[in-house]
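Peer 1: Sharing coords-v9.json (JSON, C-alpha atoms and all ligand atoms) below.
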```json
[["chain", "number", "residue", "atom", "x", "y", "z"],
["Y", 1025, "MET", "CA", 74.41, -62.04, 28.76],
["Y", 1026, "VAL", "CA", 77.47, -60.28, 30.06],
["Y", 1027, "VAL", "CA", 80.20, -58.38, 28.26],
["Y", 1028, "LYS", "CA", 83.10, -57.63, 30.55],
["Y", 1029, "CYS", "CA", 84.62, -54.23, 29.72],
["Y", 1030, "GLN", "CA", 88.07, -53.80, 31.25],
["Y", 1031, "ILE", "CA", 89.60, -50.36, 31.20],
["Y", 1032, "PHE", "CA", 93.40, -50.43, 31.41],
["Y", 1033, "PRO", "CA", 95.83, -47.56, 32.04],
["Y", 1034, "SER", "CA", 97.27, -48.05, 28.55],
["Y", 1035, "ALA", "CA", 97.04, -50.19, 25.42],
["Y", 1036, "GLU", "CA", 100.50, -51.62, 26.19],
["Y", 1037, "ILE", "CA", 99.44, -52.83, 29.66],
["Y", 1038, "ALA", "CA", 96.22, -54.32, 28.30],
["Y", 1039, "SER", "CA", 98.07, -56.07, 25.50],
["Y", 1040, "LYS", "CA", 100.58, -57.57, 27.94],
["Y", 1041, "ALA", "CA", 97.72, -58.94, 30.04],
["Y", 1042, "LEU", "CA", 96.17, -60.52, 26.95],
["Y", 1043, "ALA", "CA", 99.50, -61.97, 25.85],
["Y", 1044, "LEU", "CA", 99.73, -63.72, 29.23],
["Y", 1045, "GLU", "CA", 96.25, -65.18, 28.71],
["Y", 1046, "ILE", "CA", 97.34, -66.51, 25.33],
["Y", 1047, "LYS", "CA", 100.50, -67.94, 26.86],
["Y", 1048, "ALA", "CA", 98.41, -69.75, 29.49],
["Y", 1049, "LEU", "CA", 96.06, -71.10, 26.80],
["Y", 1050, "ILE", "CA", 98.98, -72.40, 24.72],
["Y", 1051, "HIS", "CA", 100.46, -74.12, 27.79],
["Y", 1052, "ARG", "CA", 97.10, -75.57, 28.83],
["Y", 1053, "ARG", "CA", 96.53, -77.00, 25.37],
["Y", 1054, "ALA", "CA", 100.10, -78.36, 25.20],
["Y", 1055, "VAL", "CA", 99.57, -80.23, 28.48],
["Y", 1056, "GLU", "CA", 96.42, -81.76, 26.95],
["Y", 1057, "GLY", "CA", 98.46, -82.72, 23.87],
["Y", 1058, "LYS", "CA", 96.31, -80.44, 21.75],
["Y", 1059, "ALA", "CA", 96.69, -77.37, 19.58],
["Y", 1060, "ALA", "CA", 95.60, -73.93, 20.76],
["Y", 1061, "VAL", "CA", 93.40, -72.49, 18.02],
["Y", 1062, "LEU", "CA", 93.68, -68.71, 17.77],
["Y", 1063, "GLY", "CA", 91.54, -66.38, 15.67],
["Y", 1064, "LEU", "CA", 93.67, -63.37, 14.74],
["Y", 1065, "ALA", "CA", 93.05, -59.79, 13.62],
["Y", 1066, "THR", "CA", 95.21, -57.30, 11.78],
["Y", 1067, "GLY", "CA", 95.26, -53.50, 12.06],
["Y", 1068, "ARG", "CA", 96.60, -51.19, 14.73],
["Y", 1069, "SER", "CA", 94.71, -52.66, 17.68],
["Y", 1070, "PRO", "CA", 96.72, -55.93, 18.01],
["Y", 1071, "LEU", "CA", 100.16, -54.39, 17.35],
["Y", 1072, "PHE", "CA", 101.26, -54.27, 21.01],
["Y", 1073, "LEU", "CA", 99.85, -57.77, 21.53],
["Y", 1074, "TYR", "CA", 101.91, -59.21, 18.69],
["Y", 1075, "GLU", "CA", 104.99, -57.32, 19.90],
["Y", 1076, "GLU", "CA", 104.56, -58.87, 23.34],
["Y", 1077, "LEU", "CA", 103.94, -62.38, 21.96],
["Y", 1078, "VAL", "CA", 107.14, -62.07, 19.92],
["Y", 1079, "ARG", "CA", 108.99, -60.94, 23.06],
["Y", 1080, "LEU", "CA", 107.61, -63.89, 25.04],
["Y", 1081, "HIS", "CA", 108.85, -66.19, 22.27],
["Y", 1082, "ARG", "CA", 112.31, -64.64, 21.98],
["Y", 1083, "GLU", "CA", 113.05, -63.88, 25.62],
["Y", 1084, "GLU", "CA", 110.98, -66.42, 27.54],
["Y", 1085, "GLY", "CA", 110.92, -69.33, 25.12],
["Y", 1086, "LEU", "CA", 107.17, -69.39, 24.52],
["Y", 1087, "SER", "CA", 106.66, -71.84, 21.66],
["Y", 1088, "PHE", "CA", 103.87, -71.53, 19.11],
["Y", 1089, "ALA", "CA", 104.54, -74.99, 17.68],
["Y", 1090, "ASN", "CA", 101.15, -76.19, 18.93],
["Y", 1091, "VAL", "CA", 99.24, -73.12, 17.70],
["Y", 1092, "VAL", "CA", 96.85, -73.17, 14.77],
["Y", 1093, "SER", "CA", 95.74, -69.73, 13.57],
["Y", 1094, "PHE", "CA", 92.89, -68.41, 11.47],
["Y", 1095, "ASN", "CA", 92.90, -64.77, 10.41],
["Y", 1096, "LEU", "CA", 89.65, -62.89, 10.16],
["Y", 1097, "ASP", "CA", 89.97, -61.33, 6.76],
["Y", 1098, "GLU", "CA", 91.90, -60.28, 3.68],
["Y", 1099, "TYR", "CA", 91.45, -57.58, 1.04],
["Y", 1100, "CYS", "CA", 90.34, -58.81, -2.38],
["Y", 1101, "GLY", "CA", 92.62, -58.15, -5.30],
["Y", 1102, "LEU", "CA", 95.86, -58.40, -3.30],
["Y", 1103, "ASP", "CA", 98.16, -61.39, -3.60],
["Y", 1104, "PRO", "CA", 99.78, -62.62, -0.36],
["Y", 1105, "GLU", "CA", 103.09, -60.85, -1.12],
["Y", 1106, "HIS", "CA", 101.44, -57.46, -1.68],
["Y", 1107, "PRO", "CA", 102.90, -55.00, 0.88],
["Y", 1108, "ARG", "CA", 99.42, -54.04, 2.13],
["Y", 1109, "SER", "CA", 97.98, -57.56, 2.26],
["Y", 1110, "TYR", "CA", 96.98, -58.81, 5.67],
["Y", 1111, "ARG", "CA", 99.15, -61.86, 5.02],
["Y", 1112, "THR", "CA", 102.18, -59.58, 4.73],
["Y", 1113, "PHE", "CA", 101.10, -57.72, 7.88],
["Y", 1114, "MET", "CA", 100.88, -60.99, 9.83],
["Y", 1115, "ASP", "CA", 104.24, -62.26, 8.50],
["Y", 1116, "GLU", "CA", 105.94, -59.01, 9.50],
["Y", 1117, "HIS", "CA", 104.38, -58.57, 12.92],
["Y", 1118, "LEU", "CA", 103.95, -62.14, 14.12],
["Y", 1119, "PHE", "CA", 104.35, -65.23, 11.95],
["Y", 1120, "GLY", "CA", 107.83, -64.38, 10.71],
["Y", 1121, "CYS", "CA", 109.05, -63.79, 14.27],
["Y", 1122, "ILE", "CA", 107.77, -66.93, 16.04],
["Y", 1123, "ASP", "CA", 107.95, -70.71, 15.56],
["Y", 1124, "ILE", "CA", 104.38, -71.29, 14.35],
["Y", 1125, "LEU", "CA", 104.37, -74.01, 11.67],
["Y", 1126, "PRO", "CA", 103.59, -72.64, 8.19],
["Y", 1127, "GLU", "CA", 100.96, -75.35, 7.65],
["Y", 1128, "ASN", "CA", 99.12, -74.17, 10.78],
["Y", 1129, "ILE", "CA", 98.65, -70.61, 9.47],
["Y", 1130, "HIS", "CA", 95.40, -69.68, 7.73],
["Y", 1131, "VAL", "CA", 94.82, -66.24, 6.24],
["Y", 1132, "PRO", "CA", 92.02, -65.87, 3.69],
["Y", 1133, "ALA", "CA", 93.33, -65.58, 0.13],
["Y", 1134, "GLY", "CA", 92.88, -62.22, -1.58],
["Y", 1135, "ASP", "CA", 93.80, -63.33, -5.08],
["Y", 1136, "LEU", "CA", 90.95, -65.68, -6.02],
["Y", 1137, "SER", "CA", 88.88, -65.63, -9.18],
["Y", 1138, "PRO", "CA", 85.13, -64.98, -8.69],
["Y", 1139, "GLU", "CA", 84.33, -68.69, -9.26],
["Y", 1140, "GLU", "CA", 86.85, -69.79, -6.64],
["Y", 1141, "ILE", "CA", 85.54, -67.58, -3.83],
["Y", 1142, "GLY", "CA", 82.41, -69.54, -2.78],
["Y", 1143, "PRO", "CA", 84.12, -72.96, -2.47],
["Y", 1144, "TYR", "CA", 87.15, -71.31, -0.85],
["Y", 1145, "CYS", "CA", 85.02, -69.67, 1.86],
["Y", 1146, "ARG", "CA", 83.25, -72.95, 2.61],
["Y", 1147, "ALA", "CA", 86.63, -74.71, 2.85],
["Y", 1148, "TYR", "CA", 87.85, -71.99, 5.27],
["Y", 1149, "GLU", "CA", 84.89, -72.71, 7.54],
["Y", 1150, "GLU", "CA", 85.52, -76.46, 7.30],
["Y", 1151, "ALA", "CA", 89.18, -75.98, 8.23],
["Y", 1152, "ILE", "CA", 88.12, -74.14, 11.41],
["Y", 1153, "VAL", "CA", 85.77, -76.98, 12.34],
["Y", 1154, "LYS", "CA", 88.45, -79.59, 11.54],
["Y", 1155, "ALA", "CA", 90.90, -77.76, 13.83],
["Y", 1156, "GLY", "CA", 88.35, -78.15, 16.65],
["Y", 1157, "GLY", "CA", 86.92, -74.61, 16.56],
["Y", 1158, "ILE", "CA", 88.53, -71.38, 17.70],
["Y", 1159, "ASP", "CA", 89.59, -71.30, 21.36],
["Y", 1160, "LEU", "CA", 90.26, -67.56, 21.49],
["Y", 1161, "GLN", "CA", 89.27, -65.00, 18.88],
["Y", 1162, "ILE", "CA", 91.04, -61.63, 18.93],
["Y", 1163, "LEU", "CA", 89.05, -58.73, 17.48],
["Y", 1164, "GLY", "CA", 89.39, -55.02, 16.81],
["Y", 1165, "ILE", "CA", 86.39, -52.82, 16.06],
["Y", 1166, "GLY", "CA", 86.00, -50.56, 13.06],
["Y", 1167, "ARG", "CA", 84.41, -47.11, 13.36],
["Y", 1168, "THR", "CA", 81.40, -48.54, 11.49],
["Y", 1169, "GLY", "CA", 81.00, -51.15, 14.26],
["Y", 1170, "HIS", "CA", 82.43, -53.89, 12.07],
["Y", 1171, "ILE", "CA", 84.10, -57.00, 13.45],
["Y", 1172, "GLY", "CA", 86.26, -58.70, 10.87],
["Y", 1173, "PHE", "CA", 84.97, -56.91, 7.79],
["Y", 1174, "ASN", "CA", 81.33, -57.48, 8.69],
["Y", 1175, "GLU", "CA", 79.94, -54.02, 8.03],
["Y", 1176, "PRO", "CA", 76.55, -52.63, 9.22],
["Y", 1177, "GLY", "CA", 73.76, -54.79, 7.85],
["Y", 1178, "ALA", "CA", 75.77, -58.02, 8.10],
["Y", 1179, "GLY", "CA", 73.53, -60.60, 9.69],
["Y", 1180, "ARG", "CA", 74.25, -62.25, 13.01],
["Y", 1181, "ALA", "CA", 74.39, -65.64, 11.27],
["Y", 1182, "SER", "CA", 76.63, -64.58, 8.36],
["Y", 1183, "ARG", "CA", 79.41, -66.97, 7.38],
["Y", 1184, "THR", "CA", 82.82, -66.52, 5.71],
["Y", 1185, "ALA", "CA", 82.14, -64.68, 2.45],
["Y", 1186, "LEU", "CA", 83.04, -61.95, 0.01],
["Y", 1187, "VAL", "CA", 81.85, -58.58, 1.34],
["Y", 1188, "HIS", "CA", 81.73, -54.97, 0.23],
["Y", 1189, "LEU", "CA", 83.69, -52.51, 2.38],
["Y", 1190, "ASP", "CA", 81.92, -49.50, 3.89],
["Y", 1191, "ASP", "CA", 83.02, -46.02, 2.77],
["Y", 1192, "ILE", "CA", 84.18, -45.15, 6.32],
["Y", 1193, "THR", "CA", 86.30, -48.32, 6.47],
["Y", 1194, "ARG", "CA", 87.88, -47.53, 3.10],
["Y", 1195, "ALA", "CA", 88.53, -43.92, 4.16],
["Y", 1196, "ASP", "CA", 90.22, -45.17, 7.35],
["Y", 1197, "ALA", "CA", 92.54, -47.35, 5.22],
["Y", 1198, "ALA", "CA", 93.31, -44.64, 2.64],
["Y", 1199, "ALA", "CA", 96.52, -43.40, 4.25],
["Y", 1200, "ASP", "CA", 97.95, -46.95, 4.36],
["Y", 1201, "PHE", "CA", 97.22, -47.43, 0.66],
["Y", 1202, "GLY", "CA", 98.45, -43.99, -0.43],
["Y", 1203, "GLY", "CA", 94.98, -42.74, -1.37],
["Y", 1204, "LEU", "CA", 91.34, -43.82, -1.29],
["Y", 1205, "GLU", "CA", 91.41, -44.85, -4.95],
["Y", 1206, "HIS", "CA", 93.92, -47.62, -4.10],
["Y", 1207, "VAL", "CA", 91.87, -49.15, -1.24],
["Y", 1208, "PRO", "CA", 90.18, -52.39, -2.35],
["Y", 1209, "SER", "CA", 86.39, -52.28, -2.48],
["Y", 1210, "HIS", "CA", 85.88, -55.87, -1.32],
["Y", 1211, "ALA", "CA", 87.30, -58.36, 1.15],
["Y", 1212, "ILE", "CA", 86.84, -61.92, 2.30],
["Y", 1213, "THR", "CA", 85.88, -62.07, 5.95],
["Y", 1214, "MET", "CA", 84.87, -64.66, 8.49],
["Y", 1215, "GLY", "CA", 81.16, -64.08, 9.12],
["Y", 1216, "CYS", "CA", 79.58, -62.87, 12.35],
["Y", 1217, "GLY", "CA", 78.20, -66.38, 12.87],
["Y", 1218, "THR", "CA", 81.69, -67.84, 12.39],
["Y", 1219, "ILE", "CA", 83.20, -65.38, 14.89],
["Y", 1220, "LEU", "CA", 80.45, -65.98, 17.46],
["Y", 1221, "GLU", "CA", 81.18, -69.73, 17.46],
["Y", 1222, "SER", "CA", 84.60, -69.04, 19.04],
["Y", 1223, "ARG", "CA", 84.74, -70.30, 22.61],
["Y", 1224, "LYS", "CA", 86.17, -67.04, 23.95],
["Y", 1225, "ILE", "CA", 86.45, -63.60, 22.35],
["Y", 1226, "VAL", "CA", 88.57, -60.59, 23.31],
["Y", 1227, "LEU", "CA", 87.94, -57.29, 21.51],
["Y", 1228, "MET", "CA", 90.53, -54.54, 21.82],
["Y", 1229, "ALA", "CA", 89.99, -50.83, 21.18],
["Y", 1230, "TRP", "CA", 92.33, -47.95, 21.87],
["Y", 1231, "GLY", "CA", 92.01, -44.19, 21.51],
["Y", 1232, "ALA", "CA", 89.31, -41.55, 21.51],
["Y", 1233, "ASN", "CA", 88.28, -42.22, 17.90],
["Y", 1234, "LYS", "CA", 86.86, -45.58, 19.02],
["Y", 1235, "ALA", "CA", 84.93, -44.18, 22.04],
["Y", 1236, "GLU", "CA", 81.63, -43.53, 20.25],
["Y", 1237, "ILE", "CA", 81.41, -46.91, 18.51],
["Y", 1238, "VAL", "CA", 82.51, -48.77, 21.67],
["Y", 1239, "ALA", "CA", 79.65, -47.14, 23.60],
["Y", 1240, "LYS", "CA", 77.16, -47.96, 20.82],
["Y", 1241, "ALA", "CA", 78.33, -51.58, 20.63],
["Y", 1242, "PHE", "CA", 78.37, -52.36, 24.34],
["Y", 1243, "ASP", "CA", 75.98, -49.88, 25.99],
["Y", 1244, "GLY", "CA", 73.51, -49.75, 23.12],
["Y", 1245, "PRO", "CA", 70.99, -52.32, 21.88],
["Y", 1246, "VAL", "CA", 71.98, -55.41, 19.89],
["Y", 1247, "SER", "CA", 71.44, -54.32, 16.32],
["Y", 1248, "ASP", "CA", 72.63, -55.19, 12.83],
["Y", 1249, "ASP", "CA", 73.50, -51.50, 12.45],
["Y", 1250, "VAL", "CA", 76.44, -52.29, 14.77],
["Y", 1251, "PRO", "CA", 77.69, -55.85, 14.15],
["Y", 1252, "ALA", "CA", 79.98, -55.71, 17.21],
["Y", 1253, "SER", "CA", 76.84, -55.47, 19.37],
["Y", 1254, "TYR", "CA", 76.17, -59.16, 18.58],
["Y", 1255, "LEU", "CA", 79.01, -59.90, 21.01],
["Y", 1256, "GLN", "CA", 76.62, -58.97, 23.84],
["Y", 1257, "GLU", "CA", 74.86, -62.29, 23.17],
["Y", 1258, "HIS", "CA", 77.95, -64.51, 23.21],
["Y", 1259, "GLY", "CA", 78.54, -65.31, 26.89],
["Y", 1260, "ASP", "CA", 82.36, -65.16, 27.05],
["Y", 1261, "VAL", "CA", 83.47, -61.83, 25.66],
["Y", 1262, "SER", "CA", 85.97, -59.44, 27.21],
["Y", 1263, "VAL", "CA", 86.47, -55.94, 25.86],
["Y", 1264, "TYR", "CA", 89.91, -54.48, 26.55],
["Y", 1265, "LEU", "CA", 89.95, -50.68, 26.42],
["Y", 1266, "ASP", "CA", 92.23, -47.82, 27.26],
["Y", 1267, "GLN", "CA", 90.69, -44.87, 29.07],
["Y", 1268, "ALA", "CA", 90.14, -42.84, 25.88],
["Y", 1269, "ALA", "CA", 88.25, -45.65, 24.11],
["Y", 1270, "ALA", "CA", 86.13, -46.16, 27.25],
["Y", 1271, "SER", "CA", 85.36, -42.46, 27.71],
["Y", 1272, "GLU", "CA", 81.80, -42.63, 26.33],
["Y", 1273, "LEU", "CA", 80.73, -45.76, 28.21],
["Y", 1274, "ALA", "CA", 78.19, -45.23, 30.95],
["Y", 1275, "ALA", "CA", 79.58, -45.55, 34.50],
["Y", 1276, "PRO", "CA", 79.85, -47.23, 36.91],
["Y", 1277, "VAL", "CA", 82.93, -49.39, 36.81],
["Y", 1278, "ALA", "CA", 84.80, -50.99, 39.68],
["Y", 1279, "VAL", "CA", 88.55, -51.25, 40.17],
["Y", 1280, "ASP", "CA", 89.81, -54.79, 39.75],
["Y", 1281, "GLN", "CA", 92.45, -55.25, 42.49],
["Y", 1282, "LYS", "CA", 94.24, -58.05, 40.67],
["Y", 1283, "THR", "CA", 94.72, -56.36, 37.30],
["Y", 1284, "ALA", "CA", 94.64, -52.73, 38.55],
["Y", 1285, "CYS", "CA", 92.12, -51.98, 35.83],
["Y", 1286, "PHE", "CA", 88.52, -50.86, 35.93],
["Y", 1287, "THR", "CA", 85.95, -53.54, 35.18],
["Y", 1288, "GLY", "CA", 82.34, -52.98, 34.22],
["Y", 1289, "LEU", "CA", 79.86, -55.75, 33.43],
["Y", 1290, "ARG", "CA", 77.26, -54.76, 30.85],
["Y", 1301, "LIG", "C1", 91.28, -56.57, 10.87],
["Y", 1301, "LIG", "C2", 89.85, -56.51, 11.10],
["Y", 1301, "LIG", "C3", 89.17, -55.23, 11.42],
["Y", 1301, "LIG", "C4", 89.96, -54.36, 12.40],
["Y", 1301, "LIG", "C5", 89.22, -53.04, 12.66],
["Y", 1301, "LIG", "C6", 90.00, -52.12, 13.57],
["Y", 1301, "LIG", "O1", 91.70, -57.89, 10.60],
["Y", 1301, "LIG", "O2", 89.19, -57.50, 10.98],
["Y", 1301, "LIG", "O3", 87.90, -55.50, 11.94],
["Y", 1301, "LIG", "O4", 90.11, -55.06, 13.60],
["Y", 1301, "LIG", "O5", 89.02, -52.39, 11.44],
["Y", 1301, "LIG", "O6", 91.18, -51.72, 12.93],
["Y", 1301, "LIG", "P1", 92.32, -50.99, 13.75],
["Y", 1301, "LIG", "O7", 92.81, -51.96, 14.76],
["Y", 1301, "LIG", "O8", 93.39, -50.69, 12.73],
["Y", 1301, "LIG", "O9", 91.72, -49.78, 14.35]]
```
What does this structure look like when you write it as structure tokens?
Ligand code: F6R
Peer 2:
Amino acid sequence: MVVKCQIFPSAEIASKALALEIKALIHRRAVEGKAAVLGLATGRSPLFLYEELVRLHREEGLSFANVVSFNLDEYCGLDPEHPRSYRTFMDEHLFGCIDILPENIHVPAGDLSPEEIGPYCRAYEEAIVKAGGIDLQILGIGRTGHIGFNEPGAGRASRTALVHLDDITRADAAADFGGLEHVPSHAITMGCGTILESRKIVLMAWGANKAEIVAKAFDGPVSDDVPASYLQEHGDVSVYLDQAAASELAAPVAVDQKTACFTGLR
């Protein structure tokens, strides 16, 4: 199987290229009279992407009225209005700035009782199937190699579930929460199996602190020590990198004349 690693001059340029792909998908689906089903991530990696999608909406009239979205994950113990919830993040950076219909937005709930979680996770999976499956899943990568919040050890076939967050992941979130002690210990995440059912996947990683895990995930063996490495087996995965995040990947790469970025198939 092939993972296409594309190395762009900057995260902004890469994000603009991805925004254009999403625009084309939305238009294609609209012509077919269908919804475009997007799988969405939070965190720093998609910030430029969301900024560009909002710009396309405001300045170029791109409508999200036929978009259905499913977010990857949510921290447990936070209600949707909590300032650090992923729901709040999405409202601030994307949903509140575009014309997506509220009923088409799905972000896992973080405020469920223990008895509610199992049925809720199954219903989340069913909603994805009912929407026709995810056309394009956007991912970041954690320094543990997680995708969504599927930490090392998560099986390739895992489904949407309650998971325990790795110490490195919690440490990386500590500044946002004003201290490690405030970072939730658990989250609900789409499983690796759920993510891998998406028709197309784009993973974004920027900056030198992602270089080591990017090389492990895409130059190393497929292993449950690095859940992102499962993407090697998918068949339609693109990895969008800036030069710093790509700096530990093995050469060679070729310059893509059309996008002016370096492309390496792995
Ligand atoms: C977020 C998510 C995570 C992040 C990853 C990278 O919804 O599922 O897997 O994509 O932790 O985070 P950033 O982009 O902040 O480096």
Peer 1: Using Å and a single decimal, report how far CA of Ile1122 in chain Y sits from CA of Arg1079 in chain Y.
Peer 2: 9.3 Å
Peer 1: Around ligand LIG 1301 (chain Y), out to 6 Å and counting all atoms listed in the file, which residues are there? I want them as a list in words.
Peer 2: Ala1065, Thr1066, Gly1067, Arg1068, Ser1069, Leu1096, Asp1097, Leu1163, Gly1164, Ile1165, Gly1166, His1170, Ile1171, Gly1172 and Phe1173 of chain Y
Peer 1: Just want the 9 Å neighbourhood of Cys1145 in chain Y, counted on all atoms listed in the file, with same-chain residues fewer than 6 positions away dropped. Output as a CSV table (one decimal) with C-alpha atoms, keeping the file's coordinate frame.
Peer 2:
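Writing the result to part-v3.csv gives the following:
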```
chain,number,residue,atom,x,y,z
Y,1132,PRO,CA,92.0,-65.9,3.7
Y,1183,ARG,CA,79.4,-67.0,7.4
Y,1184,THR,CA,82.8,-66.5,5.7
Y,1185,ALA,CA,82.1,-64.7,2.4
Y,1186,LEU,CA,83.0,-62.0,0.0
Y,1212,ILE,CA,86.8,-61.9,2.3
Y,1213,THR,CA,85.9,-62.1,6.0
Y,1214,MET,CA,84.9,-64.7,8.5
```
Peer 1: Considering all atoms listed in the file, tabulate each residue of range 1070-1123 of chain Y that lies at most 12 Å from range 1054-1061 of chain Y along with its nearest interatomic pair and the corresponding distance in Å to one decimal; arrange the rows by chain and ascending residue number and present them as JSON lines.
Peer 2:
```
{"residue": "Y:Leu1086", "atom": "CA", "partner": "Y:Ala1054", "partner_atom": "CA", "distance": 11.4}
{"residue": "Y:Ser1087", "atom": "CA", "partner": "Y:Ala1054", "partner_atom": "CA", "distance": 9.9}
{"residue": "Y:Phe1088", "atom": "CA", "partner": "Y:Ala1060", "partner_atom": "CA", "distance": 8.8}
{"residue": "Y:Ala1089", "atom": "CA", "partner": "Y:Ala1059", "partner_atom": "CA", "distance": 8.4}
{"residue": "Y:Asn1090", "atom": "CA", "partner": "Y:Ala1059", "partner_atom": "CA", "distance": 4.7}
{"residue": "Y:Val1091", "atom": "CA", "partner": "Y:Ala1060", "partner_atom": "CA", "distance": 4.8}
{"residue": "Y:Val1092", "atom": "CA", "partner": "Y:Val1061", "partner_atom": "CA", "distance": 4.8}
{"residue": "Y:Ser1093", "atom": "CA", "partner": "Y:Val1061", "partner_atom": "CA", "distance": 5.7}
{"residue": "Y:Phe1094", "atom": "CA", "partner": "Y:Val1061", "partner_atom": "CA", "distance": 7.7}
{"residue": "Y:Asn1095", "atom": "CA", "partner": "Y:Val1061", "partner_atom": "CA", "distance": 10.9}
```
Peer 1: Leaving out range 1259-1271 of chain Y and any residue of its chain fewer than 4 positions from it, which residues lie within 8 Å of it when counting all atoms listed in the file, given as a VMD selection string?
Peer 2: chain Y and resid 1025 to 1035 1038 1223 to 1236 1238 to 1239 1255
Peer 1: Which residue is closest to Ser1247 in chain Y? Choose from Y:Lys1040, Y:His1130, Y:Arg1108, Y:Arg1180 and count all atoms listed in the file.
Peer 2: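 For Ser1247 in chain Y, the nearest of the candidates is Y:Arg1180.
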Peer 1: Which of these residues is nearest to Thr1168 in chain Y, using all atoms listed in the file: Y:Thr1112, Y:Thr1218, Y:Ser1209, Y:Ser1253?
Peer 2: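 Closest candidate: Y:Ser1253.
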Peer 1: In Å to one decimal, how far is CA of Glu1175 in chain Y from CA of Ala1252 in chain Y?
Peer 2: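 Pair CA of Ala1252 in chain Y / CA of Glu1175 in chain Y returns 9.3 Å.
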Peer 1: To one decimal place in Å, what is the distance between CA of Asp1200 in chain Y and CA of Ile1046 in chain Y?
Peer 2: 28.7 Å
Peer 1: Hey, can you pull every residue with an atom no more than 8 Å from (89.7, -63.9, -2.3), using all atoms listed in the file, and send it as a list in words?
Peer 2: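 Counting all atoms listed in the file, I find these residues within 8 Å of (89.7, -63.9, -2.3): Glu1098, Tyr1099, Cys1100, Gly1101, Pro1132, Ala1133, Gly1134, Asp1135, Leu1136, Ser1137, Pro1138, Glu1140, Ile1141, Tyr1144, Leu1186, Ala1211 and Ile1212 of chain Y.
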Peer 1: If you keep C-alpha atoms, can you produce a file of those selected residues as a JSON list (two decimals), in the coordinates of the input?
Peer 2:
```json
[["chain", "number", "residue", "atom", "x", "y", "z"],
["Y", 1098, "GLU", "CA", 91.90, -60.28, 3.68],
["Y", 1099, "TYR", "CA", 91.45, -57.58, 1.04],
["Y", 1100, "CYS", "CA", 90.34, -58.81, -2.38],
["Y", 1101, "GLY", "CA", 92.62, -58.15, -5.30],
["Y", 1132, "PRO", "CA", 92.02, -65.87, 3.69],
["Y", 1133, "ALA", "CA", 93.33, -65.58, 0.13],
["Y", 1134, "GLY", "CA", 92.88, -62.22, -1.58],
["Y", 1135, "ASP", "CA", 93.80, -63.33, -5.08],
["Y", 1136, "LEU", "CA", 90.95, -65.68, -6.02],
["Y", 1137, "SER", "CA", 88.88, -65.63, -9.18],
["Y", 1138, "PRO", "CA", 85.13, -64.98, -8.69],
["Y", 1140, "GLU", "CA", 86.85, -69.79, -6.64],
["Y", 1141, "ILE", "CA", 85.54, -67.58, -3.83],
["Y", 1144, "TYR", "CA", 87.15, -71.31, -0.85],
["Y", 1186, "LEU", "CA", 83.04, -61.95, 0.01],
["Y", 1211, "ALA", "CA", 87.30, -58.36, 1.15],
["Y", 1212, "ILE", "CA", 86.84, -61.92, 2.30]]
```
Peer 1: Within 10 Å of Asp1243 in chain Y, counting all atoms listed in the file, which residues qualify if same-chain residues fewer than 6 places away don't, as a list in words?
Peer 2: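 The filter keeps Val1027, Ile1237, Ser1253, Gln1256, Glu1272, Leu1273, Ala1274 and Arg1290 of chain Y.
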Peer 1: Given all atoms listed in the file as the basis, pick out the residue of Y:Val1131, Y:Ala1147, Y:Leu1102, Y:Ala1198 nearest to Met1114 in chain Y.
Peer 2: Y:Val1131
Peer 1: Rank nothing, just name the residue among Y:Arg1194, Y:Leu1044, Y:Gly1157, Y:His1117 nearest to Glu1084 in chain Y, using all atoms listed in the file.
Peer 2: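 Answer, going by the shortest atom-to-atom distance: Y:Leu1044.
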Peer 1: Would you kindly identify which residues have an atom no farther than 9 Å from (98.6, -57.4, 25.0), using all atoms listed in the file and the file's own coordinates, and write them out as a PyMOL selection string?
Peer 2: chain Y and resi 1035-1045+1070-1077
Peer 1: Applying 8 Å and only C-alpha atoms, which residues near Thr1193 in chain Y remain after dropping the ones on its own chain fewer than 3 positions away? List them as a list in words.
Peer 2: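 In the requested form, the answer reads Gly1166, Arg1167, Thr1168, Leu1189, Asp1190, Asp1196 and Ala1197 of chain Y.
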Peer 1: Kindly indicate which residue among Y:Gly1215, Y:Gly1203, Y:Gly1085, Y:Gly1169 lies nearest to Tyr1148 in chain Y, using all atoms listed in the file for the distances.
Peer 2: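 Using all atoms listed in the file, Tyr1148 in chain Y sits closest to Y:Gly1215.
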